[in-house]
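S.K.: I have a structure I would like to understand better, so I am pasting it below and will then ask my questions one at a time.
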Amino acid sequence: MASVSFRNATRTYPGSTKPAVDNLNLEVADGEFLVLVGPSGCGKSTSLRMLAGLEEVNGGGIYIGDREVTDVPPKDRDIAMVFQNYALYPHMTVAENMGFALKIAGVSKEERAERVLDAAKLLDLEPYLNRKPKALSGGQRQRVAMGRAIVRKPQVFLMDEPLSNLDAKLRVQTRTQIASLQRRLGVTTVYVTHDQVEAMTMGDRVAVLKDGVLQQVDTPRTLYDRPANVFVAGFIGSPAMNLVQLPIVDGGVQFGDAVLPISSDILSKASTKRVTVGIRPEKLSVENQGLVVDVDVVEELGSDGFLYGRAQLDGTEQNVVVRVDAINHPKAGDRIHLLADASSVHVFDAETGLRLN
Amino acid sequence: MTLNITTATAEPALLDLPWQLPLEDWPAENIAALPKGLSRHTVRFAHLEDHVVAIKETLFDLAKREYDMLRRLEKLDVPCVEPFAIINNREDVNGEPLPAVLITRHLKFSLPYRAMWSQGLREQTANRLVDALALLLVRVHLVGFFWGDVSLSNTLFRRDAGRFAAYLVDAETGQLYDSRLSNGQRENDLEIARVNIAGELMDLLASGKAVDIDPNAVSQRIVDKYHELWKELTAVEVFDASERWRISRRVKRLNDLGFDIEELSMVADAEGHTVKIQPKVVDAGHHARRLLLLTGLDVEENQARRLLNDIDSYKLANARVGADEEVLAHEWLSNVYEPVITAIPAPYTGRLEPAEIFHEVLEHRWYKSENEGKDIPLIDAVRSYVNEVLATRRDEEALIAPTTESITFAEPIPSGTIVVDEDEEGDWRDKV
């Protein structure tokens, strides 16, 4: 097992002036489950392919453990791409299916048996080692396929959107299985997804990328509670955080007919007379004063609900989402006032987008 | 919801297939039992008017992606199956949703690798399949396609005058890049190919269908063949300015391998002492294109090579003033090729492709002549070939057997159900 480091790693595609991955610095600790997430074109898959050796690195370097692998061919990097191929061979037993790649790699029979047994124990497949795949359930077959990767004892597992070909229900199920298996194995894992919910539920830490640039890497909790900039604030969380530009006034920022108190220490750092304020839907409440919002629709989700409405800010219309009680909530067409919990608002520079508080 | 069909060719008969049933439950009358490779998805073959289509159940997004990918590959002249339609919004009789399907046309006279083994395949045949796959892999890499799941199962093979021509079947995992593939991407595809081929051959050995095959050696062969070919097609060659004949030698060598050079970079150093050449754009199908121009016959590369050789012999024997190559090629077509093909009795025309039959007739005549110590007239050779060889062959136009079901998994058992003990005999350690 080993750590993984990207050190100023840069990839620029031929004919392009803008790097697909720009000066990436990222340390993945030994045994850690790190998720790369971001919208399409953000560079997450390119980063993973750089680590896998599938993509040339034009600047900087990549390390697995202490070893620089920047120019090492993929098969010599001691990594395993999981789920790339999970065809099982019908005439071979589960044990053979899991161990055949070791056979061609010249691993001795005793060692093959040992590694297959170890993997089978981890995957709860020990009772089935002498069976053909047709006598297995779908989930067991998938685990056999995973076993193929595990017996190789790679230092790092790489997964590129491994759940994209599953339907929604199976995706949630498999997500949990992968995360718990990774924790049992303790193998360093780098996982790519475009789905922030997947990222937040699976990763020890999550790296958010945009336009080839790493925006923030931290635990899911910190990403949610202290996003480093406006992009991360808007990307992480579902429904997304409300982001509004508000004028700085005495004692805070103007929020409709109320003043949202924000310390002057924070506001003094702003480069303009306005700041971008981020408020999670659960941190807004319906009150008698504050920001005026026209309610469009309320989604009732059983335990609670989400109110979607519009506010007028500086003459432009802005969408607003609020978490409300599932039963006692305003109705579509109502005009309401909202106040924010001042202790949990996020303040960003209106120009640079960087966090100020 | 209404059934949603996306297709490039309007084919009303598509509506008649039982889309309200899961593919596994389709009635026999709709199913064409063709052999196929191993697949993660349910794949079945169905009759549609006068042709056969392959139907794969999958997610709509994946079907759409693969459909578009196959169309792009087709435009890039990559040998691959022809995408035909995508169908989504399927529902069963109770209104429950069914998976989307991707439909591709069955490639006539194509064979999955497993069908060769049912005929008792030898290592030599395995090697030829791998050679064909190596060539296909080079071709897809040249256009910037990273396959991601290279295997014998994801390939179909057509006989090609003693060799095979490979076609890409499954583009699900592939990525098409605008720029050249990196060495890492190419090496990764090769490594995937090597492991998959070894696994597929081990499975054949385990099934008892193949004997005498060394999965290690055969799978290593794709790596060697690929590198050999890649080097020939892309390597930089530097030589003394006085050795300009090397340029035409390189062109000739690529032609022999079946490639035309579309663009060659040639750089002389400042002093004019050395010249550096490198093929930039190469195009497969050198012989096939030439034959098509001369005769209008559209055949595989090695078949074309064979036919062109026969045209050359014909030219030598029939050369006369005023008869140029085109004229003689047309004469050959009507005096040699067509009489052989039309001499094949109708019940046997589905056994092999016409060009393959012609190739086999030539082979047969050669063996016969050698045995009898004299030249056998072509028409006699055809007659004896039909009776002694073709009559014993199976129909390969749309091969039936082994059936699809015999090599696909039955439905997986739902998680949680108790499976009766189905252990194989002996200790698993003996086989691992």
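Ordered as shown in the structure tokens, chains take letters A, B, and onward, while each chain numbers its residues from 1 and ligands are numbered from 1 in the order shown.
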Please determine the contact residues of chain A with respect to chain B at a cut-off of 9 Å, counting only C-alpha atoms, and supply them as number ranges by chain.
M.R.: A: 13-15, 49, 52-56, 72-75, 84-101, 103-104, 109-110, 112-113, 116, 128-141, 164-167
S.K.: With DSSP run on the backbone, what are the helix (DSSP H, G or I) residues within segment 158-338 of chain A? I'd like them as an MDAnalysis selection string.
M.R.: chainID A and resid 168:185 196:202 220:225 230:235 264:267 281:283
S.K.: For those residues, write C-alpha atoms to a file as a PDB file, in the first residue's frame.
M.R.:
ATOM      1  CA  ALA A 168     -30.334   4.400  -9.753  1.00  0.00           C
ATOM      2  CA  LYS A 169     -31.302   1.796  -7.161  1.00  0.00           C
ATOM      3  CA  LEU A 170     -28.363  -0.513  -7.763  1.00  0.00           C
ATOM      4  CA  ARG A 171     -26.062   2.503  -7.808  1.00  0.00           C
ATOM      5  CA  VAL A 172     -26.915   3.432  -4.225  1.00  0.00           C
ATOM      6  CA  GLN A 173     -26.484  -0.184  -3.131  1.00  0.00           C
ATOM      7  CA  THR A 174     -23.155  -0.667  -4.893  1.00  0.00           C
ATOM      8  CA  ARG A 175     -21.896   2.687  -3.641  1.00  0.00           C
ATOM      9  CA  THR A 176     -22.221   1.453  -0.061  1.00  0.00           C
ATOM     10  CA  GLN A 177     -20.591  -1.876  -0.914  1.00  0.00           C
ATOM     11  CA  ILE A 178     -17.575  -0.277  -2.557  1.00  0.00           C
ATOM     12  CA  ALA A 179     -17.060   2.150   0.300  1.00  0.00           C
ATOM     13  CA  SER A 180     -17.233  -0.547   2.967  1.00  0.00           C
ATOM     14  CA  LEU A 181     -15.037  -2.927   0.966  1.00  0.00           C
ATOM     15  CA  GLN A 182     -12.443  -0.201   0.519  1.00  0.00           C
ATOM     16  CA  ARG A 183     -12.382   0.344   4.262  1.00  0.00           C
ATOM     17  CA  ARG A 184     -11.940  -3.366   4.928  1.00  0.00           C
ATOM     18  CA  LEU A 185      -9.141  -3.633   2.379  1.00  0.00           C
ATOM     19  CA  GLN A 196     -21.464  15.282  -5.676  1.00  0.00           C
ATOM     20  CA  VAL A 197     -23.786  13.107  -3.592  1.00  0.00           C
ATOM     21  CA  GLU A 198     -21.727  10.042  -4.536  1.00  0.00           C
ATOM     22  CA  ALA A 199     -18.556  11.966  -3.691  1.00  0.00           C
ATOM     23  CA  MET A 200     -19.825  13.166  -0.322  1.00  0.00           C
ATOM     24  CA  THR A 201     -21.137   9.779   0.776  1.00  0.00           C
ATOM     25  CA  MET A 202     -18.087   7.737  -0.254  1.00  0.00           C
ATOM     26  CA  PRO A 220     -17.128  16.061   3.125  1.00  0.00           C
ATOM     27  CA  ARG A 221     -18.105  17.833   6.355  1.00  0.00           C
ATOM     28  CA  THR A 222     -15.659  20.707   5.858  1.00  0.00           C
ATOM     29  CA  LEU A 223     -16.562  21.094   2.188  1.00  0.00           C
ATOM     30  CA  TYR A 224     -20.151  21.482   3.247  1.00  0.00           C
ATOM     31  CA  ASP A 225     -19.528  23.725   6.239  1.00  0.00           C
ATOM     32  CA  VAL A 230     -18.306  30.373  -4.478  1.00  0.00           C
ATOM     33  CA  PHE A 231     -17.904  27.468  -6.893  1.00  0.00           C
ATOM     34  CA  VAL A 232     -17.513  24.838  -4.189  1.00  0.00           C
ATOM     35  CA  ALA A 233     -20.321  26.472  -2.230  1.00  0.00           C
ATOM     36  CA  GLY A 234     -22.685  26.108  -5.186  1.00  0.00           C
ATOM     37  CA  PHE A 235     -21.492  22.663  -6.261  1.00  0.00           C
ATOM     38  CA  SER A 264     -16.841  44.296  10.039  1.00  0.00           C
ATOM     39  CA  ASP A 265     -13.568  42.358  10.325  1.00  0.00           C
ATOM     40  CA  ILE A 266     -14.870  40.059   7.645  1.00  0.00           C
ATOM     41  CA  LEU A 267     -16.516  42.699   5.470  1.00  0.00           C
ATOM     42  CA  PRO A 281     -31.710  26.099   2.369  1.00  0.00           C
ATOM     43  CA  GLU A 282     -31.952  24.832   5.941  1.00  0.00           C
ATOM     44  CA  LYS A 283     -30.519  28.073   7.326  1.00  0.00           C
TER      45      LYS A 283
END
S.K.: Residues within 8 Å of segment 299-309 of chain B, please, as number ranges by chain. Count only C-alpha atoms; anything in the same chain fewer than 5 positions from it doesn't count.
M.R.: B: 160-161, 163, 165, 258, 285-288, 291-292, 355-356, 359
S.K.: Restrict the selected residues to C-alpha atoms and save them as a short mmCIF file (atom, residue, chain, number, x, y, z; two decimals), in the first residue's frame.
M.R.:
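Generated file (selection_0.cif):
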data_model
loop_
_atom_site.label_atom_id
_atom_site.label_comp_id
_atom_site.auth_asym_id
_atom_site.auth_seq_id
_atom_site.Cartn_x
_atom_site.Cartn_y
_atom_site.Cartn_z
CA ASP B 160 -10.03 -13.81 -45.21
CA ALA B 161 -8.27 -16.15 -47.61
CA ARG B 163 -6.46 -15.52 -42.46
CA ALA B 165 -10.40 -10.03 -40.71
CA GLY B 258 -2.05 -3.75 -46.59
CA GLY B 285 -7.10 -1.62 -47.33
CA HIS B 286 -4.39 -1.19 -49.96
CA HIS B 287 -5.25 -4.36 -51.87
CA ALA B 288 -8.99 -4.17 -51.25
CA LEU B 291 -9.32 -4.64 -56.44
CA LEU B 292 -12.43 -2.54 -56.00
CA ALA B 355 -14.48 -14.34 -52.51
CA GLU B 356 -13.63 -16.90 -49.82
CA HIS B 359 -9.85 -18.50 -52.66
#
S.K.: Just want the 10 Å neighbourhood of segment 7-23 of chain B, counted on only C-alpha atoms, with same-chain residues fewer than 2 positions away dropped. Output as an MDAnalysis selection string.
M.R.: chainID B and resid 3:5 25:27 30:31 42:49 55:57 67 83:101 103
S.K.: B:Pro347, B:Asp312, B:Arg221, B:Glu353: which is nearest Glu331 of chain B, counting only C-alpha atoms?
M.R.: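 Checking each candidate against Glu331 of chain B, we get B:Asp312 as the closest.
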S.K.: Report as a list in words: the residues of segment 232-274 of chain A with a DSSP assignment of strand (DSSP E), based on the backbone of this structure.
M.R.: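 Those in segment 232-274 of chain A that DSSP calls strand (DSSP E) are Asn242, Leu243, Val244, Gln245, Leu246, Pro247, Ile248, Val249, Gly252, Val253, Gln254, Phe255, Ala258, Val259, Leu260, Pro261 and Arg274 of chain A.
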S.K.: At a cut-off of 6 Å, using only C-alpha atoms, what residues contact Asn229 of chain A? Leave out same-chain residues fewer than 5 positions from it and give the result as a list in words.
M.R.: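 What passes the distance filter is Gly353, Leu354 and Arg355 of chain A.
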S.K.: Which value, in Å to one decimal, gives the distance between atom CA of Gly251 of chain A and atom CA of Gln289 of chain A?
M.R.: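 It comes out at 17.1 Å.
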S.K.: Fewer than 2 positions away in the same chain doesn't count, so skip those; otherwise give me all residues within 7 Å of segment 187-195 of chain A, counting only C-alpha atoms, as a PyMOL selection string.
M.R.: chain A and resi 1-3+30-40+44-45+155-161+182+185+197-199
S.K.: Give me a file of those residues, with C-alpha atoms, as a PDB file, in the first residue's frame.
M.R.:
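This went into selection_34.pdb:
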ATOM      1  CA  MET A   1       0.000   0.000   0.000  1.00  0.00           C
ATOM      2  CA  ALA A   2       1.111   3.515  -0.629  1.00  0.00           C
ATOM      3  CA  SER A   3       0.312   7.173  -0.762  1.00  0.00           C
ATOM      4  CA  ASP A  30      -1.933   5.617   2.466  1.00  0.00           C
ATOM      5  CA  GLY A  31      -5.241   3.771   2.712  1.00  0.00           C
ATOM      6  CA  GLU A  32      -7.330   6.837   2.031  1.00  0.00           C
ATOM      7  CA  PHE A  33     -10.445   6.924  -0.167  1.00  0.00           C
ATOM      8  CA  LEU A  34     -10.183  10.113  -2.180  1.00  0.00           C
ATOM      9  CA  VAL A  35     -12.915  11.214  -4.570  1.00  0.00           C
ATOM     10  CA  LEU A  36     -12.288  13.581  -7.481  1.00  0.00           C
ATOM     11  CA  VAL A  37     -15.467  15.425  -8.350  1.00  0.00           C
ATOM     12  CA  GLY A  38     -16.506  18.273 -10.617  1.00  0.00           C
ATOM     13  CA  PRO A  39     -18.630  19.104 -13.628  1.00  0.00           C
ATOM     14  CA  SER A  40     -17.843  17.607 -17.014  1.00  0.00           C
ATOM     15  CA  LYS A  44     -11.105  14.858 -12.911  1.00  0.00           C
ATOM     16  CA  SER A  45     -10.889  11.956 -15.370  1.00  0.00           C
ATOM     17  CA  GLN A 155      -0.954  -0.423  -4.207  1.00  0.00           C
ATOM     18  CA  VAL A 156      -3.726   1.798  -5.492  1.00  0.00           C
ATOM     19  CA  PHE A 157      -7.235   1.211  -6.829  1.00  0.00           C
ATOM     20  CA  LEU A 158      -8.513   3.581  -9.484  1.00  0.00           C
ATOM     21  CA  MET A 159     -12.185   3.857 -10.307  1.00  0.00           C
ATOM     22  CA  ASP A 160     -13.565   6.061 -13.076  1.00  0.00           C
ATOM     23  CA  GLU A 161     -17.322   6.478 -12.720  1.00  0.00           C
ATOM     24  CA  GLN A 182     -12.443  -0.201   0.519  1.00  0.00           C
ATOM     25  CA  LEU A 185      -9.141  -3.633   2.379  1.00  0.00           C
ATOM     26  CA  VAL A 197     -23.786  13.107  -3.592  1.00  0.00           C
ATOM     27  CA  GLU A 198     -21.727  10.042  -4.536  1.00  0.00           C
ATOM     28  CA  ALA A 199     -18.556  11.966  -3.691  1.00  0.00           C
TER      29      ALA A 199
END
S.K.: Grab the atom CA of Lys368 of chain B to atom CA of Leu316 of chain B distance for me, in Å with one decimal place.
M.R.: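 Those two atoms sit 22.6 Å apart.
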